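As provided, start_10.cif (mmCIF, C-alpha atoms) reads as follows.
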```cif
data_target
#
loop_
_atom_site.group_PDB
_atom_site.id
_atom_site.type_symbol
_atom_site.label_atom_id
_atom_site.label_comp_id
_atom_site.auth_asym_id
_atom_site.auth_seq_id
_atom_site.Cartn_x
_atom_site.Cartn_y
_atom_site.Cartn_z
ATOM 1 C CA MET A 102 8.351 -9.652 -9.529
ATOM 2 C CA ILE A 103 9.439 -6.643 -11.531
ATOM 3 C CA LYS A 104 7.443 -3.420 -11.654
ATOM 4 C CA THR A 105 5.704 -2.223 -14.816
ATOM 5 C CA THR A 106 8.182 0.593 -15.367
ATOM 6 C CA GLU A 107 11.071 -1.860 -15.206
ATOM 7 C CA LYS A 108 12.375 -3.694 -18.208
ATOM 8 C CA LEU A 109 14.115 -7.049 -18.141
ATOM 9 C CA VAL A 110 17.185 -6.627 -20.344
ATOM 10 C CA PHE A 111 18.625 -10.050 -19.586
ATOM 11 C CA GLU A 112 17.189 -13.323 -18.359
ATOM 12 C CA SER A 113 18.159 -16.973 -18.538
ATOM 13 C CA PRO A 114 17.050 -18.368 -21.935
ATOM 14 C CA LYS A 115 13.868 -20.505 -22.021
ATOM 15 C CA SER A 116 15.580 -23.074 -24.229
ATOM 16 C CA LEU A 117 17.839 -24.039 -21.325
ATOM 17 C CA LYS A 118 16.508 -26.490 -18.762
ATOM 18 C CA ALA A 119 15.264 -24.753 -15.619
ATOM 19 C CA GLY A 120 17.653 -25.053 -12.685
ATOM 20 C CA MET A 121 20.384 -26.610 -14.805
ATOM 21 C CA LYS A 122 23.960 -25.823 -13.850
ATOM 22 C CA PHE A 123 26.943 -26.084 -16.168
ATOM 23 C CA PRO A 124 29.593 -28.485 -14.851
ATOM 24 C CA PHE A 125 32.409 -26.739 -16.722
ATOM 25 C CA CYS A 126 35.552 -25.378 -15.074
ATOM 26 C CA ALA A 127 35.462 -21.779 -13.849
ATOM 27 C CA GLY A 128 35.821 -19.312 -16.713
ATOM 28 C CA CYS A 129 35.222 -21.877 -19.491
ATOM 29 C CA ASP A 130 33.590 -20.272 -22.530
ATOM 30 C CA HIS A 131 31.444 -23.361 -23.248
ATOM 31 C CA GLY A 132 28.786 -21.903 -20.955
ATOM 32 C CA VAL A 133 28.671 -18.667 -22.956
ATOM 33 C CA ALA A 134 28.469 -20.560 -26.264
ATOM 34 C CA ILE A 135 25.619 -22.817 -25.102
ATOM 35 C CA ARG A 136 23.755 -19.837 -23.674
ATOM 36 C CA LEU A 137 24.093 -17.996 -27.009
ATOM 37 C CA VAL A 138 22.710 -21.040 -28.859
ATOM 38 C CA ALA A 139 19.760 -21.145 -26.447
ATOM 39 C CA GLU A 140 19.167 -17.389 -26.805
ATOM 40 C CA VAL A 141 19.066 -17.654 -30.612
ATOM 41 C CA LEU A 142 16.725 -20.671 -30.400
ATOM 42 C CA ASP A 143 14.453 -18.560 -28.165
ATOM 43 C CA GLU A 144 14.530 -15.533 -30.438
ATOM 44 C CA MET A 145 13.857 -17.575 -33.602
ATOM 45 C CA ASN A 146 11.175 -19.602 -31.792
ATOM 46 C CA LEU A 147 12.822 -22.894 -32.731
ATOM 47 C CA LYS A 148 12.750 -24.689 -29.375
ATOM 48 C CA GLU A 149 9.864 -27.034 -30.227
ATOM 49 C CA LYS A 150 11.186 -28.151 -33.615
ATOM 50 C CA THR A 151 14.875 -28.506 -32.748
ATOM 51 C CA ILE A 152 16.752 -31.797 -32.632
ATOM 52 C CA ALA A 153 20.249 -31.186 -31.301
ATOM 53 C CA VAL A 154 23.054 -33.686 -31.840
ATOM 54 C CA ALA A 155 25.654 -33.798 -29.077
ATOM 55 C CA SER A 156 29.202 -34.989 -29.590
ATOM 56 C CA ILE A 157 32.029 -36.307 -27.414
ATOM 57 C CA GLY A 158 34.229 -33.998 -25.395
ATOM 58 C CA CYS A 159 33.301 -31.261 -22.970
ATOM 59 C CA SER A 160 30.267 -30.689 -25.219
ATOM 60 C CA VAL A 161 29.029 -34.229 -24.485
ATOM 61 C CA MET A 162 26.173 -33.455 -22.093
ATOM 62 C CA LEU A 163 24.363 -30.953 -24.300
ATOM 63 C CA TYR A 164 21.130 -32.886 -23.614
ATOM 64 C CA ASP A 165 21.435 -31.936 -19.955
ATOM 65 C CA TYR A 166 21.416 -28.219 -20.754
ATOM 66 C CA LEU A 167 19.192 -27.672 -23.790
ATOM 67 C CA ASP A 168 15.455 -28.156 -23.247
ATOM 68 C CA THR A 169 15.039 -29.532 -26.784
ATOM 69 C CA ASP A 170 15.141 -33.021 -28.267
ATOM 70 C CA CYS A 171 18.722 -34.271 -28.301
ATOM 71 C CA ILE A 172 20.584 -37.330 -29.449
ATOM 72 C CA GLU A 173 24.121 -38.358 -28.610
ATOM 73 C CA ALA A 174 26.372 -39.333 -31.495
ATOM 74 C CA PRO A 175 29.502 -41.527 -31.354
ATOM 75 C CA HIS A 176 32.811 -39.699 -31.305
ATOM 76 C CA GLY A 177 33.115 -37.451 -34.367
ATOM 77 C CA ARG A 178 29.916 -38.730 -35.974
ATOM 78 C CA ALA A 179 27.596 -35.911 -34.935
ATOM 79 C CA LEU A 180 27.179 -34.648 -38.506
ATOM 80 C CA ALA A 181 26.611 -38.188 -39.824
ATOM 81 C CA ALA A 182 23.839 -38.632 -37.239
ATOM 82 C CA ALA A 183 22.503 -35.137 -38.008
ATOM 83 C CA THR A 184 22.366 -36.032 -41.723
ATOM 84 C CA GLY A 185 20.112 -38.992 -40.955
ATOM 85 C CA VAL A 186 17.912 -36.936 -38.637
ATOM 86 C CA LYS A 187 17.509 -34.104 -41.146
ATOM 87 C CA ARG A 188 16.862 -36.335 -44.170
ATOM 88 C CA THR A 189 14.106 -38.244 -42.376
ATOM 89 C CA ASN A 190 12.628 -35.178 -40.614
ATOM 90 C CA LYS A 191 12.840 -32.369 -43.133
ATOM 91 C CA ASP A 192 10.557 -30.112 -41.093
ATOM 92 C CA LYS A 193 12.832 -30.274 -38.045
ATOM 93 C CA PHE A 194 15.652 -27.912 -37.202
ATOM 94 C CA VAL A 195 18.886 -29.867 -36.700
ATOM 95 C CA LEU A 196 22.041 -28.545 -35.083
ATOM 96 C CA THR A 197 25.270 -30.129 -33.903
ATOM 97 C CA TYR A 198 27.469 -28.818 -31.112
ATOM 98 C CA GLN A 199 31.008 -30.168 -31.241
ATOM 99 C CA GLY A 200 34.503 -29.469 -30.060
ATOM 100 C CA ASP A 201 37.507 -29.119 -32.334
ATOM 101 C CA GLY A 202 38.832 -32.605 -31.570
ATOM 102 C CA ASP A 203 35.454 -34.132 -32.369
ATOM 103 C CA PHE A 204 34.778 -32.003 -35.453
ATOM 104 C CA ALA A 205 38.213 -31.715 -37.028
ATOM 105 C CA SER A 206 40.158 -34.786 -35.914
ATOM 106 C CA ILE A 207 38.090 -37.901 -35.284
ATOM 107 C CA GLY A 208 35.133 -36.648 -37.273
ATOM 108 C CA LEU A 209 36.876 -34.723 -40.048
ATOM 109 C CA ALA A 210 35.583 -37.061 -42.777
ATOM 110 C CA GLU A 211 31.988 -36.831 -41.527
ATOM 111 C CA SER A 212 32.201 -33.070 -41.083
ATOM 112 C CA LEU A 213 33.818 -32.316 -44.426
ATOM 113 C CA HIS A 214 31.490 -34.605 -46.367
ATOM 114 C CA ALA A 215 28.417 -33.168 -44.674
ATOM 115 C CA ALA A 216 29.612 -29.768 -45.946
ATOM 116 C CA LEU A 217 30.391 -31.180 -49.423
ATOM 117 C CA ARG A 218 26.931 -32.765 -49.635
ATOM 118 C CA GLY A 219 25.422 -29.468 -48.604
ATOM 119 C CA GLU A 220 23.384 -30.990 -45.788
ATOM 120 C CA LYS A 221 20.782 -28.550 -44.500
ATOM 121 C CA VAL A 222 22.045 -28.644 -40.935
ATOM 122 C CA SER A 223 23.818 -26.170 -38.662
ATOM 123 C CA ALA A 224 27.155 -27.071 -37.104
ATOM 124 C CA ILE A 225 28.841 -25.263 -34.236
ATOM 125 C CA CYS A 226 32.465 -26.072 -33.466
ATOM 126 C CA ILE A 227 34.139 -24.878 -30.279
ATOM 127 C CA ASN A 228 37.867 -24.477 -30.887
ATOM 128 C CA ASN A 229 39.978 -24.359 -27.729
ATOM 129 C CA THR A 230 43.160 -25.712 -29.380
ATOM 130 C CA THR A 231 43.332 -28.747 -27.097
ATOM 131 C CA TYR A 232 41.496 -31.885 -25.982
ATOM 132 C CA GLY A 233 39.896 -30.391 -22.891
ATOM 133 C CA MET A 234 37.979 -33.306 -21.391
ATOM 134 C CA THR A 235 40.770 -35.881 -21.551
ATOM 135 C CA GLY A 236 43.388 -33.668 -19.929
ATOM 136 C CA GLY A 237 44.837 -31.255 -22.468
ATOM 137 C CA GLN A 238 46.499 -33.335 -25.164
ATOM 138 C CA ALA A 239 47.566 -31.815 -28.485
ATOM 139 C CA GLY A 240 44.650 -31.631 -30.901
ATOM 140 C CA PRO A 241 44.357 -30.879 -34.603
ATOM 141 C CA THR A 242 44.010 -27.150 -33.860
ATOM 142 C CA THR A 243 46.899 -26.868 -31.376
ATOM 143 C CA ILE A 244 48.964 -23.937 -32.610
ATOM 144 C CA MET A 245 52.685 -24.043 -33.386
ATOM 145 C CA GLY A 246 54.799 -23.872 -30.252
ATOM 146 C CA GLN A 247 51.906 -24.632 -27.895
ATOM 147 C CA ILE A 248 52.905 -26.838 -24.969
ATOM 148 C CA THR A 249 50.393 -29.590 -24.148
ATOM 149 C CA LYS A 250 50.511 -32.947 -22.373
ATOM 150 C CA THR A 251 51.499 -34.728 -25.602
ATOM 151 C CA SER A 252 53.699 -31.951 -27.000
ATOM 152 C CA PRO A 253 55.835 -31.114 -23.945
ATOM 153 C CA ASN A 254 58.386 -29.180 -25.995
ATOM 154 C CA GLY A 255 55.787 -27.320 -28.003
ATOM 155 C CA ARG A 256 54.184 -28.231 -31.308
ATOM 156 C CA ASN A 257 56.730 -28.280 -34.150
ATOM 157 C CA GLU A 258 56.288 -28.936 -37.853
ATOM 158 C CA GLU A 259 58.674 -31.931 -38.134
ATOM 159 C CA TYR A 260 56.942 -34.069 -35.554
ATOM 160 C CA TYR A 261 53.357 -32.817 -35.320
ATOM 161 C CA GLY A 262 52.701 -30.958 -38.562
ATOM 162 C CA TYR A 263 50.467 -27.923 -38.866
ATOM 163 C CA PRO A 264 47.127 -26.981 -37.300
ATOM 164 C CA ILE A 265 43.905 -27.141 -39.321
ATOM 165 C CA LYS A 266 41.977 -23.956 -40.095
ATOM 166 C CA ILE A 267 38.470 -25.316 -39.962
ATOM 167 C CA ALA A 268 36.387 -22.314 -41.048
ATOM 168 C CA GLU A 269 38.535 -21.816 -44.169
ATOM 169 C CA GLN A 270 38.395 -25.524 -45.065
ATOM 170 C CA ILE A 271 34.611 -25.686 -44.686
ATOM 171 C CA ALA A 272 34.271 -22.480 -46.744
ATOM 172 C CA LEU A 273 36.029 -24.248 -49.653
ATOM 173 C CA CYS A 274 33.223 -26.836 -49.870
ATOM 174 C CA ASP A 275 30.621 -26.079 -52.540
ATOM 175 C CA GLY A 276 27.744 -27.236 -50.339
ATOM 176 C CA THR A 277 28.520 -24.680 -47.630
ATOM 177 C CA ALA A 278 26.161 -21.711 -47.401
ATOM 178 C CA TYR A 279 27.789 -19.981 -44.446
ATOM 179 C CA SER A 280 31.149 -20.387 -42.735
ATOM 180 C CA ALA A 281 32.535 -18.008 -40.150
ATOM 181 C CA ARG A 282 34.995 -17.826 -37.283
ATOM 182 C CA CYS A 283 34.130 -15.930 -34.109
ATOM 183 C CA SER A 284 35.526 -15.526 -30.638
ATOM 184 C CA LEU A 285 34.188 -15.146 -27.101
ATOM 185 C CA ASP A 286 37.071 -13.092 -25.691
ATOM 186 C CA SER A 287 35.167 -9.792 -25.367
ATOM 187 C CA ILE A 288 31.601 -8.488 -25.170
ATOM 188 C CA ALA A 289 31.806 -7.150 -28.742
ATOM 189 C CA ASN A 290 32.927 -10.533 -30.035
ATOM 190 C CA ILE A 291 30.239 -12.328 -27.998
ATOM 191 C CA LYS A 292 27.622 -10.202 -29.779
ATOM 192 C CA LYS A 293 29.196 -10.950 -33.165
ATOM 193 C CA THR A 294 29.216 -14.655 -32.306
ATOM 194 C CA LYS A 295 25.501 -14.526 -31.543
ATOM 195 C CA GLU A 296 24.827 -12.965 -34.946
ATOM 196 C CA ALA A 297 26.963 -15.640 -36.637
ATOM 197 C CA ILE A 298 25.000 -18.389 -34.857
ATOM 198 C CA ARG A 299 21.762 -16.720 -35.990
ATOM 199 C CA LYS A 300 23.040 -16.610 -39.587
ATOM 200 C CA THR A 301 24.049 -20.279 -39.369
ATOM 201 C CA PHE A 302 20.510 -21.171 -38.298
ATOM 202 C CA GLU A 303 18.925 -18.974 -40.983
ATOM 203 C CA VAL A 304 20.727 -20.666 -43.883
ATOM 204 C CA GLN A 305 19.304 -23.986 -42.734
ATOM 205 C CA LEU A 306 15.778 -22.612 -42.440
ATOM 206 C CA GLN A 307 16.081 -21.059 -45.917
ATOM 207 C CA GLY A 308 17.410 -24.364 -47.304
ATOM 208 C CA LEU A 309 20.551 -22.757 -48.702
ATOM 209 C CA GLY A 310 22.988 -25.421 -47.527
ATOM 210 C CA PHE A 311 25.414 -26.249 -44.762
ATOM 211 C CA GLY A 312 25.850 -23.635 -42.042
ATOM 212 C CA PHE A 313 28.992 -23.578 -39.949
ATOM 213 C CA VAL A 314 30.460 -21.394 -37.237
ATOM 214 C CA GLU A 315 33.803 -21.973 -35.497
ATOM 215 C CA ILE A 316 34.022 -20.324 -32.083
ATOM 216 C CA LEU A 317 37.433 -19.628 -30.542
ATOM 217 C CA SER A 318 37.081 -20.611 -26.907
ATOM 218 C CA THR A 319 39.303 -20.958 -23.873
ATOM 219 C CA CYS A 320 40.399 -23.854 -21.692
ATOM 220 C CA PRO A 321 41.874 -22.179 -18.579
ATOM 221 C CA THR A 322 42.459 -25.508 -16.798
ATOM 222 C CA ASN A 323 44.512 -27.147 -19.532
ATOM 223 C CA TRP A 324 46.191 -23.954 -20.691
ATOM 224 C CA HIS A 325 47.273 -23.447 -17.048
ATOM 225 C CA LEU A 326 46.117 -19.831 -17.183
ATOM 226 C CA THR A 327 43.513 -17.802 -15.327
ATOM 227 C CA PRO A 328 40.272 -17.036 -17.228
ATOM 228 C CA GLN A 329 41.498 -13.471 -17.757
ATOM 229 C CA GLU A 330 44.907 -14.613 -19.073
ATOM 230 C CA SER A 331 43.154 -17.128 -21.315
ATOM 231 C CA HIS A 332 41.247 -14.361 -23.073
ATOM 232 C CA GLU A 333 44.530 -12.448 -23.436
ATOM 233 C CA ARG A 334 46.023 -15.524 -25.084
ATOM 234 C CA VAL A 335 43.085 -15.753 -27.500
ATOM 235 C CA ARG A 336 43.635 -12.120 -28.472
ATOM 236 C CA ASN A 337 47.436 -12.191 -28.648
ATOM 237 C CA GLU A 338 48.164 -15.658 -30.024
ATOM 238 C CA LEU A 339 45.091 -17.304 -31.542
ATOM 239 C CA PHE A 340 43.949 -14.302 -33.600
ATOM 240 C CA GLN A 341 47.272 -14.442 -35.529
ATOM 241 C CA VAL A 342 46.703 -18.073 -36.485
ATOM 242 C CA TYR A 343 42.912 -18.074 -36.684
ATOM 243 C CA PRO A 344 41.742 -14.707 -38.032
ATOM 244 C CA LEU A 345 38.120 -13.875 -37.288
ATOM 245 C CA GLY A 346 35.711 -13.292 -40.118
ATOM 246 C CA VAL A 347 33.055 -14.640 -42.446
ATOM 247 C CA TYR A 348 34.713 -16.950 -44.967
ATOM 248 C CA LYS A 349 31.675 -17.838 -47.032
ATOM 249 C CA GLU A 350 28.192 -16.419 -47.296
ATOM 250 C CA VAL A 351 25.873 -17.176 -50.187
ATOM 251 C CA MET B 217 17.085 2.091 -10.538
ATOM 252 C CA ASN B 218 18.888 -0.603 -12.488
ATOM 253 C CA TYR B 219 20.040 -3.775 -10.810
ATOM 254 C CA ILE B 220 21.180 -7.353 -11.384
ATOM 255 C CA LYS B 221 20.043 -10.563 -9.710
ATOM 256 C CA LEU B 222 22.928 -12.721 -8.631
ATOM 257 C CA ASP B 223 22.614 -16.453 -7.914
ATOM 258 C CA LYS B 224 25.609 -17.073 -5.673
ATOM 259 C CA THR B 225 25.160 -20.856 -5.748
ATOM 260 C CA ARG B 226 25.978 -20.809 -9.486
ATOM 261 C CA CYS B 227 29.051 -18.557 -9.289
ATOM 262 C CA LYS B 228 32.385 -20.330 -9.809
ATOM 263 C CA ALA B 229 34.470 -17.247 -9.028
ATOM 264 C CA CYS B 230 36.103 -16.784 -12.433
ATOM 265 C CA TYR B 231 35.716 -13.003 -11.861
ATOM 266 C CA LEU B 232 35.265 -12.257 -15.566
ATOM 267 C CA CYS B 233 32.272 -10.047 -14.690
ATOM 268 C CA VAL B 234 34.450 -7.985 -12.328
ATOM 269 C CA ASP B 235 36.570 -6.923 -15.313
ATOM 270 C CA VAL B 236 33.725 -6.051 -17.686
ATOM 271 C CA CYS B 237 31.560 -3.954 -15.343
ATOM 272 C CA PRO B 238 32.085 -0.348 -16.568
ATOM 273 C CA LYS B 239 31.158 1.066 -13.147
ATOM 274 C CA LYS B 240 33.121 -1.523 -11.123
ATOM 275 C CA LEU B 241 30.064 -2.426 -9.055
ATOM 276 C CA ILE B 242 30.842 -6.153 -8.957
ATOM 277 C CA ILE B 243 33.530 -7.114 -6.465
ATOM 278 C CA LYS B 244 35.163 -10.317 -5.305
ATOM 279 C CA GLY B 245 33.281 -11.736 -2.330
ATOM 280 C CA SER B 246 34.638 -12.926 0.996
ATOM 281 C CA GLN B 247 31.990 -15.535 1.924
ATOM 282 C CA PRO B 248 32.342 -18.980 0.288
ATOM 283 C CA ASN B 249 29.353 -20.710 -1.334
ATOM 284 C CA SER B 250 28.458 -24.420 -1.249
ATOM 285 C CA LEU B 251 30.884 -25.089 -4.111
ATOM 286 C CA GLY B 252 33.765 -23.713 -2.041
ATOM 287 C CA HIS B 253 34.221 -20.725 -4.327
ATOM 288 C CA PHE B 254 34.165 -17.113 -3.225
ATOM 289 C CA PRO B 255 31.323 -15.724 -5.344
ATOM 290 C CA VAL B 256 31.144 -12.119 -6.484
ATOM 291 C CA GLU B 257 29.000 -9.492 -4.790
ATOM 292 C CA PHE B 258 27.003 -6.667 -6.337
ATOM 293 C CA LYS B 259 27.444 -3.417 -4.408
ATOM 294 C CA ASP B 260 25.605 -0.388 -5.782
ATOM 295 C CA PRO B 261 24.893 2.077 -2.943
ATOM 296 C CA ASP B 262 24.801 5.121 -5.253
ATOM 297 C CA ASN B 263 22.583 3.578 -7.967
ATOM 298 C CA LYS B 264 25.359 3.723 -10.533
ATOM 299 C CA CYS B 265 24.340 0.565 -12.432
ATOM 300 C CA ILE B 266 23.465 1.450 -16.034
ATOM 301 C CA GLY B 267 21.820 -1.901 -16.812
ATOM 302 C CA CYS B 268 24.147 -2.658 -19.722
ATOM 303 C CA ALA B 269 23.967 -6.427 -18.983
ATOM 304 C CA MET B 270 27.597 -6.914 -20.003
ATOM 305 C CA CYS B 271 28.241 -8.857 -16.780
ATOM 306 C CA ALA B 272 25.381 -11.244 -17.588
ATOM 307 C CA MET B 273 26.593 -11.616 -21.162
ATOM 308 C CA ARG B 274 30.108 -12.412 -19.948
ATOM 309 C CA CYS B 275 29.151 -14.851 -17.160
ATOM 310 C CA PRO B 276 29.786 -18.437 -18.365
ATOM 311 C CA ASP B 277 27.574 -19.956 -15.672
ATOM 312 C CA ILE B 278 24.460 -17.744 -15.842
ATOM 313 C CA ALA B 279 25.068 -16.739 -12.226
ATOM 314 C CA ILE B 280 23.709 -13.308 -13.140
ATOM 315 C CA THR B 281 20.204 -14.545 -13.822
ATOM 316 C CA GLU B 282 18.429 -11.246 -14.471
ATOM 317 C CA VAL B 283 19.308 -7.662 -15.346
ATOM 318 C CA VAL B 284 16.556 -5.101 -14.804
ATOM 319 C CA LYS B 285 16.562 -1.637 -16.340
ATOM 320 C CA ASN B 286 14.230 1.081 -15.157
#
```
Would you mind writing the file out in structure tokens?
Amino acid sequence: MIKTTEKLVFESPKSLKAGMKFPFCAGCDHGVAIRLVAEVLDEMNLKEKTIAVASIGCSVMLYDYLDTDCIEAPHGRALAAATGVKRTNKDKFVLTYQGDGDFASIGLAESLHAALRGEKVSAICINNTTYGMTGGQAGPTTIMGQITKTSPNGRNEEYYGYPIKIAEQIALCDGTAYSARCSLDSIANIKKTKEAIRKTFEVQLQGLGFGFVEILSTCPTNWHLTPQESHERVRNELFQVYPLGVYKEV
Amino acid sequence: MNYIKLDKTRCKACYLCVDVCPKKLIIKGSQPNSLGHFPVEFKDPDNKCIGCAMCAMRCPDIAITEVVKN
């Protein structure tokens, strides 16, 4: 019990299930991203009207963390499922939480067409440049030269081609109202990410169109780095390939 | 007096909070928890904590459950 002169400057968000523990590896930024989503849901008072759509990957068990209604979509089809949910429940707030493999590889058609149709949903994509859950294979966002389980000599253009820049691609779609890329490598960037998530939710509530935020995350286990070194890698290597910023805002 | 509440059963010992604390009040612990990790400890004998909540914002596992500012 805190005294009356004391002020609680941080507490666990109400939109997260009480007593829930994240099963992620130590230092994984998924926990920060999900907490930020829950904090914004709390602050915008959206908990009771939210239907979240979970995807496949490390983001799969979103329904175990968020204390909102959730459905689980087949691999890559989170935005297709979210389209159906939003079109039949226009008063609900619909968000998807996906990884880069789910959003930009298996589900690229669903994701891109949801943006082209201008669906009034919010999509969050966690980009860790690898397939984290299945053991660190090369994904669509794996950067040039990155060594993974399926690119043991590093990604090269002859064999693997080039990585996809999701936030820029989504920004090109006419139905997109907001598209941004953020990072979780530092406190300043965590705060900016929270504001981007808030903006993504606002464009849906205002009915402006598709809201999207790509969050650069880490995968210390599959990158074979410590959590601290992983954030260094985000700053030194990923920022060159994936510049942070707001790519579209109507 | 500002302080944080630490849930040691949630800590996975990534030590990201150790780096962000501006007053270096969070240190690596020596007693393992039920997960087998060595959770961090909050040591603030001189009341140096400024209640910035950066450690809580950084923690991926919400092991720092509350930050209280006075």
Check: Once the PyMOL selection byres ((chain B) within 12 of (chain A)) has been applied to the shown file, what residues remain in the selection, as a ChimeraX atom specification?
Finding: /B:217-223,225-238,251,253-255,266-286
Keeping C-alpha atoms for every residue in the selection just given, could you write it to a file as a short mmCIF file (atom, residue, chain, number, x, y, z; two decimals), in the frame of the given file?
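Everything below was put into selection.cif:
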```cif
data_model
loop_
_atom_site.label_atom_id
_atom_site.label_comp_id
_atom_site.auth_asym_id
_atom_site.auth_seq_id
_atom_site.Cartn_x
_atom_site.Cartn_y
_atom_site.Cartn_z
CA MET B 217 17.08 2.09 -10.54
CA ASN B 218 18.89 -0.60 -12.49
CA TYR B 219 20.04 -3.78 -10.81
CA ILE B 220 21.18 -7.35 -11.38
CA LYS B 221 20.04 -10.56 -9.71
CA LEU B 222 22.93 -12.72 -8.63
CA ASP B 223 22.61 -16.45 -7.91
CA THR B 225 25.16 -20.86 -5.75
CA ARG B 226 25.98 -20.81 -9.49
CA CYS B 227 29.05 -18.56 -9.29
CA LYS B 228 32.38 -20.33 -9.81
CA ALA B 229 34.47 -17.25 -9.03
CA CYS B 230 36.10 -16.78 -12.43
CA TYR B 231 35.72 -13.00 -11.86
CA LEU B 232 35.26 -12.26 -15.57
CA CYS B 233 32.27 -10.05 -14.69
CA VAL B 234 34.45 -7.98 -12.33
CA ASP B 235 36.57 -6.92 -15.31
CA VAL B 236 33.72 -6.05 -17.69
CA CYS B 237 31.56 -3.95 -15.34
CA PRO B 238 32.08 -0.35 -16.57
CA LEU B 251 30.88 -25.09 -4.11
CA HIS B 253 34.22 -20.72 -4.33
CA PHE B 254 34.16 -17.11 -3.22
CA PRO B 255 31.32 -15.72 -5.34
CA ILE B 266 23.46 1.45 -16.03
CA GLY B 267 21.82 -1.90 -16.81
CA CYS B 268 24.15 -2.66 -19.72
CA ALA B 269 23.97 -6.43 -18.98
CA MET B 270 27.60 -6.91 -20.00
CA CYS B 271 28.24 -8.86 -16.78
CA ALA B 272 25.38 -11.24 -17.59
CA MET B 273 26.59 -11.62 -21.16
CA ARG B 274 30.11 -12.41 -19.95
CA CYS B 275 29.15 -14.85 -17.16
CA PRO B 276 29.79 -18.44 -18.36
CA ASP B 277 27.57 -19.96 -15.67
CA ILE B 278 24.46 -17.74 -15.84
CA ALA B 279 25.07 -16.74 -12.23
CA ILE B 280 23.71 -13.31 -13.14
CA THR B 281 20.20 -14.54 -13.82
CA GLU B 282 18.43 -11.25 -14.47
CA VAL B 283 19.31 -7.66 -15.35
CA VAL B 284 16.56 -5.10 -14.80
CA LYS B 285 16.56 -1.64 -16.34
CA ASN B 286 14.23 1.08 -15.16
#
```
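Counting only C-alpha atoms and comparing A:Val351, A:Ala183, A:Met245, A:Ala210, the residue that lies closest to Ser280 of chain A is A:Val351.
Atom CA of Leu147 of chain A lies 12.0 Å from atom CA of Leu167 of chain A.
What the PyMOL selection byres ((chain A and resi 344-349) around 8) matches in the given file is Ala268, Glu269, Ala272, Thr277, Ala278, Tyr279, Ser280, Ala281, Arg282, Cys283, Ser284, Leu339, Phe340, Gln341, Val342, Tyr343, Glu350 and Val351 of chain A.
When atom CA of Thr169 of chain A is paired with atom CA of Gly233 of chain A, their separation reads 25.2 Å.
Using the PyMOL selection byres ((chain A and resi 152) around 10) on the file at hand returns these residues: Leu147, Lys148, Glu149, Lys150, Thr151, Ala153, Val154, Ala155, Thr169, Asp170, Cys171, Ile172, Ala183, Val186, Lys187, Asn190, Lys193, Phe194, Val195, Leu196 and Thr197 of chain A.
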Note to self: If I take atom CA of Gly208 of chain A and atom CA of Gly310 of chain A, how far is one from the other in Å, to one decimal?
What the structure shows: 19.5 Å
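Residues in contact with Thr251 of chain A at 12 Å, where only C-alpha atoms are counted and same-chain residues fewer than 3 positions away are skipped, are listed as Thr231, Tyr232, Thr235, Gly236, Gly237, Gln238, Ala239, Gly240, Thr243, Gln247, Ile248, Asn254, Gly255, Arg256, Asn257, Tyr260, Tyr261 and Asn323 of chain A.
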Margin query: Just checking: using all atoms listed in the file, which residue out of A:Glu315, A:Pro264, A:Ala181, A:Thr242 ends up closest to Lys295 of chain A?
Written below: A:Glu315
Note to self: Residues proximal to (37.7, -32.4, -38.3) were defined as those with any atom within 10 Å of that point in the file's coordinates, counting all atoms listed in the file. Which are they, as an MDAnalysis selection string?
What the structure shows: chainID A and resid 177 199:213 226 241:242 265:267 270:271
Checklist line | Sel. within 10 Å of pt (17.1, -22.3, -36.8), counting all atoms listed in the file, output as a VMD selection string | finding: chain A and resid 138 141 to 148 150 to 151 193 to 196 222 to 223 298 to 307
